[in-house]
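*Asks:* My file is structure_17.csv. It has CSV, C-alpha atoms:
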```csv
chain,number,residue,atom,x,y,z
A,24,MET,CA,0.0,0.0,0.0
A,25,ALA,CA,3.1,2.2,-0.1
A,26,GLY,CA,1.6,1.9,-3.5
A,27,ASP,CA,-1.3,4.0,-4.6
A,28,LEU,CA,0.7,7.1,-5.6
A,29,SER,CA,4.0,5.4,-6.2
A,30,GLN,CA,2.3,3.0,-8.6
A,31,THR,CA,0.9,6.0,-10.4
A,32,MET,CA,4.4,7.3,-10.7
A,33,SER,CA,5.6,4.1,-12.4
A,34,VAL,CA,2.7,4.5,-14.9
A,35,SER,CA,4.1,7.9,-15.8
A,36,ALA,CA,7.6,6.6,-15.8
A,37,SER,CA,6.5,3.9,-18.4
A,38,GLY,CA,5.0,6.7,-20.5
A,39,MET,CA,8.3,8.7,-20.4
A,40,GLU,CA,10.2,5.6,-21.2
A,41,ALA,CA,8.0,4.8,-24.2
A,42,GLN,CA,8.3,8.3,-25.6
A,43,THR,CA,12.1,8.2,-25.2
A,44,VAL,CA,12.2,5.1,-27.4
A,45,ARG,CA,10.0,6.9,-29.9
A,46,LEU,CA,12.4,9.9,-29.9
A,47,ARG,CA,15.4,7.7,-30.4
A,48,VAL,CA,13.8,6.0,-33.4
A,49,ILE,CA,12.9,9.4,-34.9
A,50,ALA,CA,16.5,10.6,-34.4
A,51,GLN,CA,17.7,7.4,-36.2
A,52,ASN,CA,15.3,8.1,-39.1
A,53,ILE,CA,16.4,11.7,-39.5
A,54,ALA,CA,20.1,10.8,-39.2
A,55,ASN,CA,19.7,8.1,-41.9
A,56,GLN,CA,17.5,10.1,-44.3
A,57,ASP,CA,20.2,9.9,-47.0
A,58,THR,CA,21.7,6.5,-46.3
A,59,THR,CA,21.6,4.6,-49.6
A,60,GLY,CA,22.9,1.1,-50.2
A,61,THR,CA,26.5,0.4,-51.0
A,62,THR,CA,26.2,-2.2,-53.8
A,63,PRO,CA,24.3,-1.9,-57.1
A,64,GLY,CA,20.5,-2.3,-56.6
A,65,ALA,CA,20.8,-2.6,-52.8
A,66,ASP,CA,18.1,-1.4,-50.5
A,67,PRO,CA,18.7,1.9,-48.7
A,68,TYR,CA,17.8,2.6,-45.0
A,69,ARG,CA,14.1,2.0,-44.5
A,70,ARG,CA,12.1,4.2,-42.1
A,71,LYS,CA,11.5,2.7,-38.7
A,72,THR,CA,8.3,2.9,-36.8
A,73,VAL,CA,7.4,2.4,-33.1
A,74,THR,CA,4.2,0.7,-31.9
A,75,PHE,CA,3.0,1.0,-28.3
A,76,GLU,CA,0.8,-1.3,-26.4
A,77,THR,CA,-1.1,-1.2,-23.0
A,78,THR,CA,-0.6,-3.4,-20.1
A,79,LEU,CA,-3.4,-3.3,-17.5
A,80,ASP,CA,-2.3,-3.2,-13.9
A,81,LYS,CA,-5.4,-4.5,-12.1
A,82,ALA,CA,-4.4,-3.4,-8.6
A,83,VAL,CA,-4.4,0.3,-9.5
A,84,GLY,CA,-6.9,0.1,-12.4
A,85,ALA,CA,-4.3,2.1,-14.3
A,86,ASP,CA,-2.6,1.1,-17.6
A,87,THR,CA,1.1,1.2,-18.2
A,88,VAL,CA,2.4,1.5,-21.7
A,89,SER,CA,5.3,-0.3,-23.3
A,90,VAL,CA,6.9,-0.5,-26.8
A,91,LYS,CA,5.3,-3.4,-28.6
A,92,ASN,CA,7.9,-3.5,-31.4
A,93,VAL,CA,10.1,-1.3,-33.5
A,94,GLY,CA,8.9,-2.0,-37.0
A,95,VAL,CA,9.9,-1.0,-40.5
A,96,ASP,CA,7.9,1.2,-42.8
A,97,ASN,CA,7.4,-0.9,-46.0
A,98,SER,CA,6.0,1.9,-48.1
A,99,ASP,CA,7.5,2.6,-51.6
A,100,LEU,CA,11.0,3.8,-51.8
A,101,PRO,CA,11.5,7.0,-53.9
A,102,GLN,CA,14.1,6.8,-56.7
A,103,ARG,CA,16.6,9.1,-58.2
A,104,TYR,CA,18.5,9.0,-61.4
A,105,ASP,CA,22.2,8.9,-60.5
A,106,PRO,CA,24.3,6.5,-62.6
A,107,ALA,CA,27.5,7.4,-60.8
A,108,ASN,CA,26.2,6.3,-57.4
A,109,PRO,CA,27.6,2.9,-56.3
A,110,ALA,CA,24.0,1.8,-55.5
A,111,ALA,CA,22.7,2.6,-59.0
A,112,ASP,CA,21.0,-0.3,-60.6
A,113,ALA,CA,21.2,-1.4,-64.3
A,114,LYS,CA,19.0,1.6,-65.4
A,115,GLY,CA,21.0,4.1,-63.3
A,116,TYR,CA,18.4,4.6,-60.6
A,117,VAL,CA,19.2,4.7,-57.0
A,118,LYS,CA,16.6,3.8,-54.3
A,119,LEU,CA,16.4,6.4,-51.5
A,120,PRO,CA,15.2,6.0,-47.9
A,121,ASN,CA,11.5,6.6,-47.4
A,122,VAL,CA,12.1,9.2,-44.7
A,123,ASN,CA,10.2,12.4,-44.9
A,124,THR,CA,12.1,14.9,-42.8
A,125,PHE,CA,9.0,17.1,-42.3
A,126,LEU,CA,6.9,14.3,-41.0
A,127,GLU,CA,9.7,13.1,-38.7
A,128,VAL,CA,10.1,16.6,-37.2
A,129,MET,CA,6.3,16.8,-36.6
A,130,ASP,CA,6.4,13.4,-35.0
A,131,MET,CA,9.3,14.5,-32.8
A,132,ARG,CA,7.3,17.5,-31.6
A,133,GLU,CA,4.4,15.2,-30.6
A,134,ALA,CA,6.8,12.9,-28.8
A,135,GLU,CA,8.2,15.8,-26.9
A,136,ARG,CA,4.7,16.9,-26.0
A,137,SER,CA,3.7,13.5,-24.7
A,138,TYR,CA,7.0,13.2,-22.8
A,139,SER,CA,6.5,16.4,-21.0
A,140,ALA,CA,2.8,15.6,-20.3
A,141,ASN,CA,4.0,12.4,-18.6
A,142,LEU,CA,6.6,14.3,-16.7
A,143,SER,CA,4.0,16.9,-15.5
A,144,VAL,CA,1.8,14.0,-14.2
A,145,MET,CA,4.8,12.5,-12.4
A,146,GLN,CA,5.6,15.9,-10.7
A,147,ALA,CA,2.0,16.4,-9.7
A,148,THR,CA,1.9,12.9,-8.2
A,149,ARG,CA,5.0,13.5,-6.3
A,150,SER,CA,3.6,16.8,-4.9
A,151,MET,CA,0.5,15.0,-3.8
A,152,ALA,CA,2.6,12.4,-2.0
A,153,ASN,CA,4.6,15.1,-0.3
A,154,ARG,CA,1.5,16.9,0.9
A,155,THR,CA,0.0,13.7,2.3
A,156,ILE,CA,3.2,13.2,4.3
A,157,GLU,CA,3.1,16.8,5.5
A,158,MET,CA,-0.4,16.2,7.0
A,159,LEU,CA,1.5,14.6,9.8
A,160,LYS,CA,3.4,17.7,10.7
B,26,MET,CA,3.5,53.6,62.4
B,27,THR,CA,1.4,52.7,59.5
B,28,THR,CA,-0.1,49.4,59.1
B,29,ILE,CA,0.0,47.6,55.8
B,30,PRO,CA,-3.5,46.6,54.8
B,31,THR,CA,-3.8,42.8,54.3
B,32,LEU,CA,-6.0,41.2,51.8
B,33,VAL,CA,-8.1,38.4,53.2
B,34,VAL,CA,-9.4,35.9,50.7
B,35,THR,CA,-10.8,32.6,51.7
B,36,PRO,CA,-10.6,29.6,49.3
B,37,SER,CA,-14.4,29.3,49.4
B,38,ALA,CA,-14.8,32.9,48.3
B,39,ALA,CA,-12.4,32.4,45.4
B,40,ALA,CA,-14.2,29.2,44.4
B,41,ASP,CA,-17.5,31.0,44.6
B,42,ALA,CA,-16.3,33.8,42.3
B,43,TYR,CA,-15.0,31.3,39.8
B,44,ASN,CA,-18.3,29.4,39.8
B,45,GLN,CA,-20.2,32.6,39.1
B,46,VAL,CA,-18.0,33.3,36.1
B,47,ALA,CA,-18.3,29.8,34.8
B,48,ARG,CA,-22.1,29.8,35.1
B,49,GLY,CA,-22.2,33.0,33.2
B,50,SER,CA,-24.3,34.7,35.8
B,51,SER,CA,-23.3,38.2,35.6
B,52,SER,CA,-24.0,40.8,38.3
B,53,GLY,CA,-26.2,42.5,35.7
B,54,VAL,CA,-23.5,45.1,34.9
B,55,PRO,CA,-23.3,45.5,31.2
B,56,GLY,CA,-19.9,44.7,29.8
B,57,SER,CA,-19.0,42.5,32.8
B,58,PHE,CA,-16.3,40.0,32.4
B,59,SER,CA,-18.5,36.9,32.5
B,60,ALA,CA,-20.7,38.4,29.8
B,61,THR,CA,-17.7,38.9,27.6
B,62,ILE,CA,-16.6,35.3,28.1
B,63,SER,CA,-20.1,33.9,27.3
B,64,GLU,CA,-20.2,36.0,24.2
B,65,ALA,CA,-16.8,34.7,23.1
B,66,ILE,CA,-17.8,31.1,23.6
B,67,ALA,CA,-21.0,31.5,21.7
B,68,GLN,CA,-19.1,33.1,18.9
B,69,ALA,CA,-16.6,30.3,18.8
B,70,GLU,CA,-19.4,27.8,18.6
B,71,GLN,CA,-21.1,29.7,15.8
B,72,THR,CA,-18.0,30.2,13.7
B,73,GLY,CA,-17.1,26.5,14.4
B,74,HIS,CA,-20.4,25.3,13.0
B,75,ALA,CA,-20.1,27.6,9.9
B,76,ALA,CA,-16.6,26.3,9.3
B,77,ASP,CA,-17.7,22.7,9.6
B,78,ASP,CA,-20.5,23.2,7.1
B,79,GLN,CA,-18.2,24.9,4.6
B,80,SER,CA,-15.5,22.3,5.0
B,81,MET,CA,-17.8,19.4,4.5
B,82,GLN,CA,-19.1,21.0,1.3
B,83,ALA,CA,-15.6,21.7,0.1
B,84,ILE,CA,-14.4,18.2,0.8
B,85,SER,CA,-17.4,16.8,-1.1
B,86,GLY,CA,-16.5,18.9,-4.1
B,87,GLY,CA,-18.9,21.8,-3.9
B,88,GLY,CA,-18.8,25.2,-2.2
B,89,ASN,CA,-16.9,28.4,-2.9
B,90,LEU,CA,-13.2,28.3,-2.2
B,91,THR,CA,-13.1,31.8,-0.8
B,92,ASP,CA,-16.0,31.1,1.6
B,93,VAL,CA,-14.3,28.0,2.9
B,94,VAL,CA,-11.0,29.7,3.6
B,95,THR,CA,-12.6,32.7,5.3
B,96,ALA,CA,-14.9,30.5,7.4
B,97,LEU,CA,-12.0,28.3,8.5
B,98,SER,CA,-9.8,31.4,9.3
B,99,HIS,CA,-12.6,32.9,11.4
B,100,ALA,CA,-13.1,29.7,13.3
B,101,GLU,CA,-9.4,29.3,14.0
B,102,MET,CA,-9.0,32.9,15.2
B,103,THR,CA,-12.1,32.7,17.4
B,104,LEU,CA,-11.0,29.4,18.9
B,105,GLN,CA,-7.6,30.7,19.7
B,106,THR,CA,-9.1,33.8,21.4
B,107,VAL,CA,-11.5,31.7,23.5
B,108,THR,CA,-8.7,29.3,24.4
B,109,ALA,CA,-6.5,32.2,25.4
B,110,ILE,CA,-9.2,33.6,27.6
B,111,ARG,CA,-9.9,30.2,29.1
B,112,ASP,CA,-6.2,29.7,29.9
B,113,ARG,CA,-6.1,33.1,31.6
B,114,VAL,CA,-9.2,32.4,33.7
B,115,VAL,CA,-7.7,29.1,34.9
B,116,GLN,CA,-4.4,30.8,35.6
B,117,ALA,CA,-6.1,33.5,37.6
B,118,TYR,CA,-8.0,31.0,39.6
B,119,GLN,CA,-4.9,29.1,40.4
B,120,ASP,CA,-3.1,32.3,41.4
B,121,ILE,CA,-5.9,33.1,43.8
B,122,MET,CA,-5.8,29.7,45.2
B,123,LYS,CA,-2.1,30.0,45.9
B,124,MET,CA,-2.5,33.2,48.0
B,125,PRO,CA,-1.7,32.6,51.6
B,126,ILE,CA,-4.7,33.0,53.9
C,2,MET,CA,-20.0,8.5,20.0
C,3,ASP,CA,-16.4,7.5,19.2
C,4,PRO,CA,-14.4,10.6,19.5
C,5,THR,CA,-11.8,9.3,17.2
C,6,ARG,CA,-14.2,8.9,14.3
C,7,ILE,CA,-15.1,12.5,13.4
C,8,PRO,CA,-17.3,12.7,10.3
C,9,LEU,CA,-15.2,15.5,8.8
C,10,PHE,CA,-12.0,13.5,9.0
C,11,ASP,CA,-13.8,10.4,7.6
C,12,LEU,CA,-15.1,12.4,4.6
C,13,ALA,CA,-11.6,13.9,4.1
C,14,GLU,CA,-10.1,10.4,4.1
C,15,LYS,CA,-12.5,9.1,1.5
C,16,ARG,CA,-11.9,12.1,-0.7
C,17,LEU,CA,-8.1,11.7,-0.5
C,18,THR,CA,-8.4,8.0,-1.4
C,19,TRP,CA,-10.5,9.1,-4.4
C,20,THR,CA,-8.0,11.6,-5.6
C,21,ALA,CA,-5.1,9.2,-5.3
C,22,GLN,CA,-7.1,6.6,-7.3
C,23,ARG,CA,-8.1,9.2,-10.0
C,24,GLN,CA,-4.5,10.3,-10.4
C,25,GLY,CA,-3.6,6.7,-11.2
C,26,VAL,CA,-6.3,6.5,-13.9
C,27,LEU,CA,-5.4,9.8,-15.4
C,28,ALA,CA,-1.7,8.9,-15.5
C,29,GLY,CA,-2.6,5.7,-17.4
C,30,ASN,CA,-4.5,7.8,-19.9
C,31,ILE,CA,-1.6,10.2,-20.5
C,32,ALA,CA,0.9,7.3,-20.7
C,33,ASN,CA,-1.2,5.7,-23.4
C,34,ALA,CA,-1.8,8.9,-25.4
C,35,ASN,CA,-0.2,7.3,-28.4
C,36,THR,CA,-1.3,3.7,-28.0
C,37,PRO,CA,-3.5,2.5,-30.9
C,38,GLY,CA,-7.1,1.8,-30.0
C,39,TYR,CA,-6.8,3.2,-26.4
C,40,ARG,CA,-9.8,5.0,-25.0
C,41,ALA,CA,-9.4,7.5,-22.1
C,42,LYS,CA,-10.8,6.4,-18.7
C,43,ASP,CA,-12.0,8.3,-15.7
C,44,LEU,CA,-13.2,7.6,-12.1
C,45,GLN,CA,-16.8,8.0,-11.1
C,46,SER,CA,-17.4,11.4,-9.6
C,47,PHE,CA,-17.1,11.7,-5.8
C,48,ALA,CA,-20.7,12.9,-5.5
C,49,SER,CA,-22.0,9.8,-7.1
C,50,LEU,CA,-19.7,7.7,-4.9
C,51,LEU,CA,-21.1,9.3,-1.8
C,52,SER,CA,-24.7,8.6,-2.8
C,53,GLY,CA,-23.9,4.9,-2.7
C,54,GLY,CA,-22.9,4.0,-6.2
C,55,GLY,CA,-19.8,2.0,-5.6
C,56,ALA,CA,-18.1,-0.5,-7.9
C,57,ILE,CA,-19.1,-3.6,-6.0
C,58,ALA,CA,-22.8,-4.1,-5.2
C,59,PRO,CA,-24.3,-7.4,-4.2
C,60,ALA,CA,-26.0,-9.1,-7.1
C,61,GLN,CA,-29.7,-9.7,-6.6
C,62,THR,CA,-30.5,-12.9,-8.5
C,63,GLN,CA,-33.5,-13.8,-6.4
C,64,PRO,CA,-36.4,-11.6,-5.3
C,65,GLY,CA,-35.5,-12.2,-1.6
C,66,HIS,CA,-32.0,-10.9,-1.9
C,67,LEU,CA,-31.1,-7.8,0.0
C,68,SER,CA,-29.7,-4.8,-1.9
C,69,GLY,CA,-26.5,-3.3,-0.6
C,70,THR,CA,-27.3,-0.7,2.0
C,71,ILE,CA,-23.7,0.1,2.8
C,72,PRO,CA,-21.9,1.9,-0.1
C,73,SER,CA,-18.9,-0.1,-1.1
C,74,GLY,CA,-16.7,2.9,-1.2
C,75,VAL,CA,-14.7,1.7,-4.1
C,76,ALA,CA,-15.0,4.0,-7.1
C,77,SER,CA,-15.6,2.5,-10.5
C,78,VAL,CA,-13.5,3.2,-13.5
C,79,SER,CA,-15.3,3.7,-16.8
C,80,LYS,CA,-14.3,4.7,-20.3
C,81,ASP,CA,-14.9,8.3,-21.3
C,82,PRO,CA,-17.6,8.7,-23.9
C,83,PRO,CA,-16.1,8.5,-27.4
C,84,GLN,CA,-14.9,11.7,-28.8
C,85,ALA,CA,-12.7,12.5,-31.7
C,86,LEU,CA,-10.6,9.5,-32.4
C,87,SER,CA,-7.3,9.6,-34.1
C,88,LEU,CA,-6.5,7.5,-37.2
C,89,ASP,CA,-5.2,4.6,-35.1
C,90,GLY,CA,-8.2,4.6,-32.8
C,91,ASN,CA,-6.6,6.4,-29.9
C,92,GLY,CA,-9.1,8.5,-27.9
C,93,VAL,CA,-6.9,10.5,-25.5
C,94,ALA,CA,-6.9,14.3,-25.6
C,95,LEU,CA,-3.8,15.4,-23.8
C,96,ASP,CA,-5.0,18.9,-22.9
C,97,GLN,CA,-8.2,17.6,-21.4
C,98,GLN,CA,-6.3,15.0,-19.4
C,99,LEU,CA,-3.8,17.5,-18.1
C,100,THR,CA,-6.6,19.8,-17.0
C,101,LYS,CA,-8.1,16.9,-15.0
C,102,VAL,CA,-4.7,16.2,-13.4
C,103,ALA,CA,-4.4,19.8,-12.3
C,104,ASP,CA,-7.9,19.7,-11.0
C,105,THR,CA,-7.2,16.5,-9.0
C,106,GLU,CA,-4.0,18.0,-7.6
C,107,THR,CA,-5.8,21.2,-6.4
C,108,THR,CA,-8.6,19.2,-4.8
C,109,GLN,CA,-6.0,17.1,-2.9
C,110,SER,CA,-4.2,20.2,-1.8
C,111,LEU,CA,-7.4,21.8,-0.5
C,112,VAL,CA,-8.5,18.7,1.5
C,113,THR,CA,-5.0,18.2,3.1
C,114,GLN,CA,-5.0,21.9,4.1
C,115,ILE,CA,-8.5,21.6,5.6
C,116,TRP,CA,-7.3,18.5,7.5
C,117,LYS,CA,-4.3,20.3,8.9
C,118,ALA,CA,-6.4,23.3,9.9
C,119,TYR,CA,-8.8,21.1,11.9
C,120,VAL,CA,-5.9,19.2,13.5
C,121,GLY,CA,-4.5,22.6,14.4
C,122,MET,CA,-7.8,23.6,16.0
C,123,PHE,CA,-7.9,20.4,18.0
C,124,ASN,CA,-4.4,21.1,19.3
C,125,THR,CA,-5.4,24.7,20.2
C,126,ALA,CA,-8.4,23.5,22.2
C,127,LEU,CA,-6.4,20.9,23.9
C,128,GLY,CA,-3.7,23.3,24.8
C,129,ARG,CA,-1.0,21.6,22.9
C,130,PRO,CA,1.6,23.6,20.9
C,131,SER,CA,0.8,23.1,17.2
```
Just give me the structure of the file as structure tokens.
*Replies:*
Amino acid sequence: MAGDLSQTMSVSASGMEAQTVRLRVIAQNIANQDTTGTTPGADPYRRKTVTFETTLDKAVGADTVSVKNVGVDNSDLPQRYDPANPAADAKGYVKLPNVNTFLEVMDMREAERSYSANLSVMQATRSMANRTIEMLK
Amino acid sequence: MTTIPTLVVTPSAAADAYNQVARGSSSGVPGSFSATISEAIAQAEQTGHAADDQSMQAISGGGNLTDVVTALSHAEMTLQTVTAIRDRVVQAYQDIMKMPI
Amino acid sequence: MDPTRIPLFDLAEKRLTWTAQRQGVLAGNIANANTPGYRAKDLQSFASLLSGGGAIAPAQTQPGHLSGTIPSGVASVSKDPPQALSLDGNGVALDQQLTKVADTETTQSLVTQIWKAYVGMFNTALGRPS
């Protein structure tokens, strides 16, 4: 029973953890937005995606979140005509990563927002716990 | 040679005087001490009830925040006043009882 | 009358339990703000909990069964009514949830302060230094 509020804090911690993973994947995507293959016709970097899932904690009635998996975005790869590139295929086209920088930056902003929301909740919960202890004073 | 006047107080007289004050029976003089005390106690009761009502409302989720805080402050101040008066009365009684006969 | 069971303190205790529980539910909502298919939850309101609508009520399967006369005191969790869902089916509006969190925190602060004020008044009346 030390629990009610500290269990709530672990829920927020799981949220922060999940958003951190999401940010890491976004950073990876942005860093590799120009990473093409090294041999002719090889695949370039493919955009990675993060999927979350809920785990119900019955004792609290609250749901923690975790990363279900880090997947790959299998949408079409854009192509560019560049015969001099080591990754150029027989027709001289190079496959490029399917990373849209604009979308990644938007995603990053959302991840930041979710992260700070979870942080606010954790701070609020901690204040509540402190105030409860102060009732004894 | 002047004689120093001595004050003669018997314990029974002191107890009687305290009883009078406690019962709130004043000598009929307006503004007497016992009347003041009775008034203070009644006020403490009143503000206490008001504060109780406001607090129960506030805890249940209704009520006006300002009203609750002012009601509670009034109750606290009145209670402290009454308690201070009570302490002084008790102290005065004990002082009287300590006087040599 | 048991002098240790003062109604105001009882009510304050119940309210504090309620706020702690609600904080847990709201934290779960915010943590799952990006989980596909997740719908926001909330605790039943304190007023409805006081009027006897707890989460556990005895089932009346026969006409002779008694209905619960003592409120269970455990608040029930229910899903929020469906609002705008995002593409992946997520139904959590961060702003709304954060407002509720602030509200819960304020309530808890008020109740603990009232509690402390009353304990202080008891100490004053009893002549103890508070």
*Asks:* Contacts of Arg103 in chain A at 9 Å or less, counting only C-alpha atoms, minus same-chain residues fewer than 6 places along, as an mmCIF file with C-alpha atoms, in the coordinates of the input?
*Replies:*
```
data_model
loop_
_atom_site.group_PDB
_atom_site.id
_atom_site.type_symbol
_atom_site.label_atom_id
_atom_site.label_comp_id
_atom_site.auth_asym_id
_atom_site.auth_seq_id
_atom_site.Cartn_x
_atom_site.Cartn_y
_atom_site.Cartn_z
ATOM 1 C CA ALA A 111 22.700 2.600 -59.000
ATOM 2 C CA GLY A 115 21.000 4.100 -63.300
ATOM 3 C CA TYR A 116 18.400 4.600 -60.600
ATOM 4 C CA VAL A 117 19.200 4.700 -57.000
ATOM 5 C CA LYS A 118 16.600 3.800 -54.300
ATOM 6 C CA LEU A 119 16.400 6.400 -51.500
#
```
*Asks:* Which residues are near Ala113 in chain A? Cut-off 12 Å, only C-alpha atoms, ignore same chain within fewer than 2 positions. Put them as a list in words.
*Replies:*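 In the requested format, the answer is Thr62, Pro63, Gly64, Ala65, Tyr104, Asp105, Pro106, Ala107, Asn108, Pro109, Ala110, Ala111, Gly115, Tyr116 and Val117 of chain A.
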*Asks:* As number ranges by chain, please: the residues near range 40-48 of chain C (cut-off 7 Å, only C-alpha atoms, same-chain neighbours under 6 positions excluded).
*Replies:* B: 85; C: 23, 26-27, 30, 76-81, 91-93
*Asks:* Could you take the residues named above and write them with C-alpha atoms, as a compact mmCIF listing (two decimals), in the frame of the given file?
*Replies:*
```
# COMPACT_ATOMS: atom_id res chain seq x y z
CA SER B 85 -17.40 16.80 -1.10
CA ARG C 23 -8.10 9.20 -10.00
CA VAL C 26 -6.30 6.50 -13.90
CA LEU C 27 -5.40 9.80 -15.40
CA ASN C 30 -4.50 7.80 -19.90
CA ALA C 76 -15.00 4.00 -7.10
CA SER C 77 -15.60 2.50 -10.50
CA VAL C 78 -13.50 3.20 -13.50
CA SER C 79 -15.30 3.70 -16.80
CA LYS C 80 -14.30 4.70 -20.30
CA ASP C 81 -14.90 8.30 -21.30
CA ASN C 91 -6.60 6.40 -29.90
CA GLY C 92 -9.10 8.50 -27.90
CA VAL C 93 -6.90 10.50 -25.50
```
*Asks:* Which is closest to chain C among B:Asp92, B:Glu101, B:Asp120, B:Glu64, if we use all atoms listed in the file?
*Replies:* B:Glu101
*Asks:* Sorted by chain and rising residue number, which residues of chain A lie within 8 Å of chain C, and what are their closest atom pairs and distances in Å to one decimal, counting only C-alpha atoms, as a Markdown table?
*Replies:*
```
| residue | atom | partner | partner_atom | distance |
| --- | --- | --- | --- | --- |
| A:Asp27 | CA | C:Ala21 | CA | 6.5 |
| A:Leu28 | CA | C:Ala21 | CA | 6.2 |
| A:Gln30 | CA | C:Gly25 | CA | 7.4 |
| A:Thr31 | CA | C:Gly25 | CA | 4.6 |
| A:Met32 | CA | C:Ala28 | CA | 7.9 |
| A:Val34 | CA | C:Gly29 | CA | 6.0 |
| A:Ser35 | CA | C:Ala32 | CA | 5.9 |
| A:Ser37 | CA | C:Ala32 | CA | 6.9 |
| A:Gly38 | CA | C:Ala32 | CA | 4.1 |
| A:Met39 | CA | C:Ala32 | CA | 7.5 |
| A:Thr74 | CA | C:Thr36 | CA | 7.4 |
| A:Phe75 | CA | C:Thr36 | CA | 5.1 |
| A:Glu76 | CA | C:Thr36 | CA | 5.7 |
| A:Thr77 | CA | C:Asn33 | CA | 6.9 |
| A:Val83 | CA | C:Gly25 | CA | 6.7 |
| A:Gly84 | CA | C:Val26 | CA | 6.6 |
| A:Ala85 | CA | C:Val26 | CA | 4.8 |
| A:Asp86 | CA | C:Gly29 | CA | 4.6 |
| A:Thr87 | CA | C:Gly29 | CA | 5.9 |
| A:Val88 | CA | C:Asn33 | CA | 5.8 |
| A:Ser137 | CA | C:Ala34 | CA | 7.2 |
| A:Ala140 | CA | C:Ile31 | CA | 7.0 |
| A:Asn141 | CA | C:Ile31 | CA | 6.3 |
| A:Val144 | CA | C:Ala28 | CA | 6.3 |
| A:Ala147 | CA | C:Glu106 | CA | 6.6 |
| A:Thr148 | CA | C:Gln24 | CA | 7.2 |
| A:Met151 | CA | C:Glu106 | CA | 6.6 |
| A:Arg154 | CA | C:Thr113 | CA | 7.0 |
| A:Thr155 | CA | C:Thr113 | CA | 6.8 |
| A:Met158 | CA | C:Lys117 | CA | 6.0 |
```
*Asks:* Output C-alpha atoms of each residue in that selection to a file, as a PDB file, in the frame of the given file.
*Replies:*
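This went into again07.pdb:
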```pdb
ATOM      1  CA  ASP A  27      -1.300   4.000  -4.600  1.00  0.00           C
ATOM      2  CA  LEU A  28       0.700   7.100  -5.600  1.00  0.00           C
ATOM      3  CA  GLN A  30       2.300   3.000  -8.600  1.00  0.00           C
ATOM      4  CA  THR A  31       0.900   6.000 -10.400  1.00  0.00           C
ATOM      5  CA  MET A  32       4.400   7.300 -10.700  1.00  0.00           C
ATOM      6  CA  VAL A  34       2.700   4.500 -14.900  1.00  0.00           C
ATOM      7  CA  SER A  35       4.100   7.900 -15.800  1.00  0.00           C
ATOM      8  CA  SER A  37       6.500   3.900 -18.400  1.00  0.00           C
ATOM      9  CA  GLY A  38       5.000   6.700 -20.500  1.00  0.00           C
ATOM     10  CA  MET A  39       8.300   8.700 -20.400  1.00  0.00           C
ATOM     11  CA  THR A  74       4.200   0.700 -31.900  1.00  0.00           C
ATOM     12  CA  PHE A  75       3.000   1.000 -28.300  1.00  0.00           C
ATOM     13  CA  GLU A  76       0.800  -1.300 -26.400  1.00  0.00           C
ATOM     14  CA  THR A  77      -1.100  -1.200 -23.000  1.00  0.00           C
ATOM     15  CA  VAL A  83      -4.400   0.300  -9.500  1.00  0.00           C
ATOM     16  CA  GLY A  84      -6.900   0.100 -12.400  1.00  0.00           C
ATOM     17  CA  ALA A  85      -4.300   2.100 -14.300  1.00  0.00           C
ATOM     18  CA  ASP A  86      -2.600   1.100 -17.600  1.00  0.00           C
ATOM     19  CA  THR A  87       1.100   1.200 -18.200  1.00  0.00           C
ATOM     20  CA  VAL A  88       2.400   1.500 -21.700  1.00  0.00           C
ATOM     21  CA  SER A 137       3.700  13.500 -24.700  1.00  0.00           C
ATOM     22  CA  ALA A 140       2.800  15.600 -20.300  1.00  0.00           C
ATOM     23  CA  ASN A 141       4.000  12.400 -18.600  1.00  0.00           C
ATOM     24  CA  VAL A 144       1.800  14.000 -14.200  1.00  0.00           C
ATOM     25  CA  ALA A 147       2.000  16.400  -9.700  1.00  0.00           C
ATOM     26  CA  THR A 148       1.900  12.900  -8.200  1.00  0.00           C
ATOM     27  CA  MET A 151       0.500  15.000  -3.800  1.00  0.00           C
ATOM     28  CA  ARG A 154       1.500  16.900   0.900  1.00  0.00           C
ATOM     29  CA  THR A 155       0.000  13.700   2.300  1.00  0.00           C
ATOM     30  CA  MET A 158      -0.400  16.200   7.000  1.00  0.00           C
TER      31      MET A 158
END
```
*Asks:* In Å, with one decimal, what is the gap from CA of Gly73 in chain B to CA of Met122 in chain C?
*Replies:*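 Value for the CA of Gly73 in chain B-CA of Met122 in chain C distance: 9.9 Å.
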*Asks:* Could you build a table of the residues in chain B lying no more than 8 Å from chain C, giving for each the nearest pair of atoms and their separation in Å rounded to one decimal place, using all atoms listed in the file, ordered by chain and ascending residue number, as JSON lines?
*Replies:*
```
{"residue": "B:Asp77", "atom": "CA", "partner": "C:Leu9", "partner_atom": "CA", "distance": 7.7}
{"residue": "B:Ser80", "atom": "CA", "partner": "C:Ile115", "partner_atom": "CA", "distance": 7.1}
{"residue": "B:Met81", "atom": "CA", "partner": "C:Leu9", "partner_atom": "CA", "distance": 6.4}
{"residue": "B:Ala83", "atom": "CA", "partner": "C:Val112", "partner_atom": "CA", "distance": 7.8}
{"residue": "B:Ile84", "atom": "CA", "partner": "C:Val112", "partner_atom": "CA", "distance": 6.0}
{"residue": "B:Ser85", "atom": "CA", "partner": "C:Ala48", "partner_atom": "CA", "distance": 6.7}
{"residue": "B:Gly86", "atom": "CA", "partner": "C:Phe47", "partner_atom": "CA", "distance": 7.4}
{"residue": "B:Leu97", "atom": "CA", "partner": "C:Ala118", "partner_atom": "CA", "distance": 7.6}
{"residue": "B:Glu101", "atom": "CA", "partner": "C:Met122", "partner_atom": "CA", "distance": 6.2}
{"residue": "B:Leu104", "atom": "CA", "partner": "C:Met122", "partner_atom": "CA", "distance": 7.2}
{"residue": "B:Gln105", "atom": "CA", "partner": "C:Thr125", "partner_atom": "CA", "distance": 6.4}
{"residue": "B:Thr108", "atom": "CA", "partner": "C:Ala126", "partner_atom": "CA", "distance": 6.2}
```
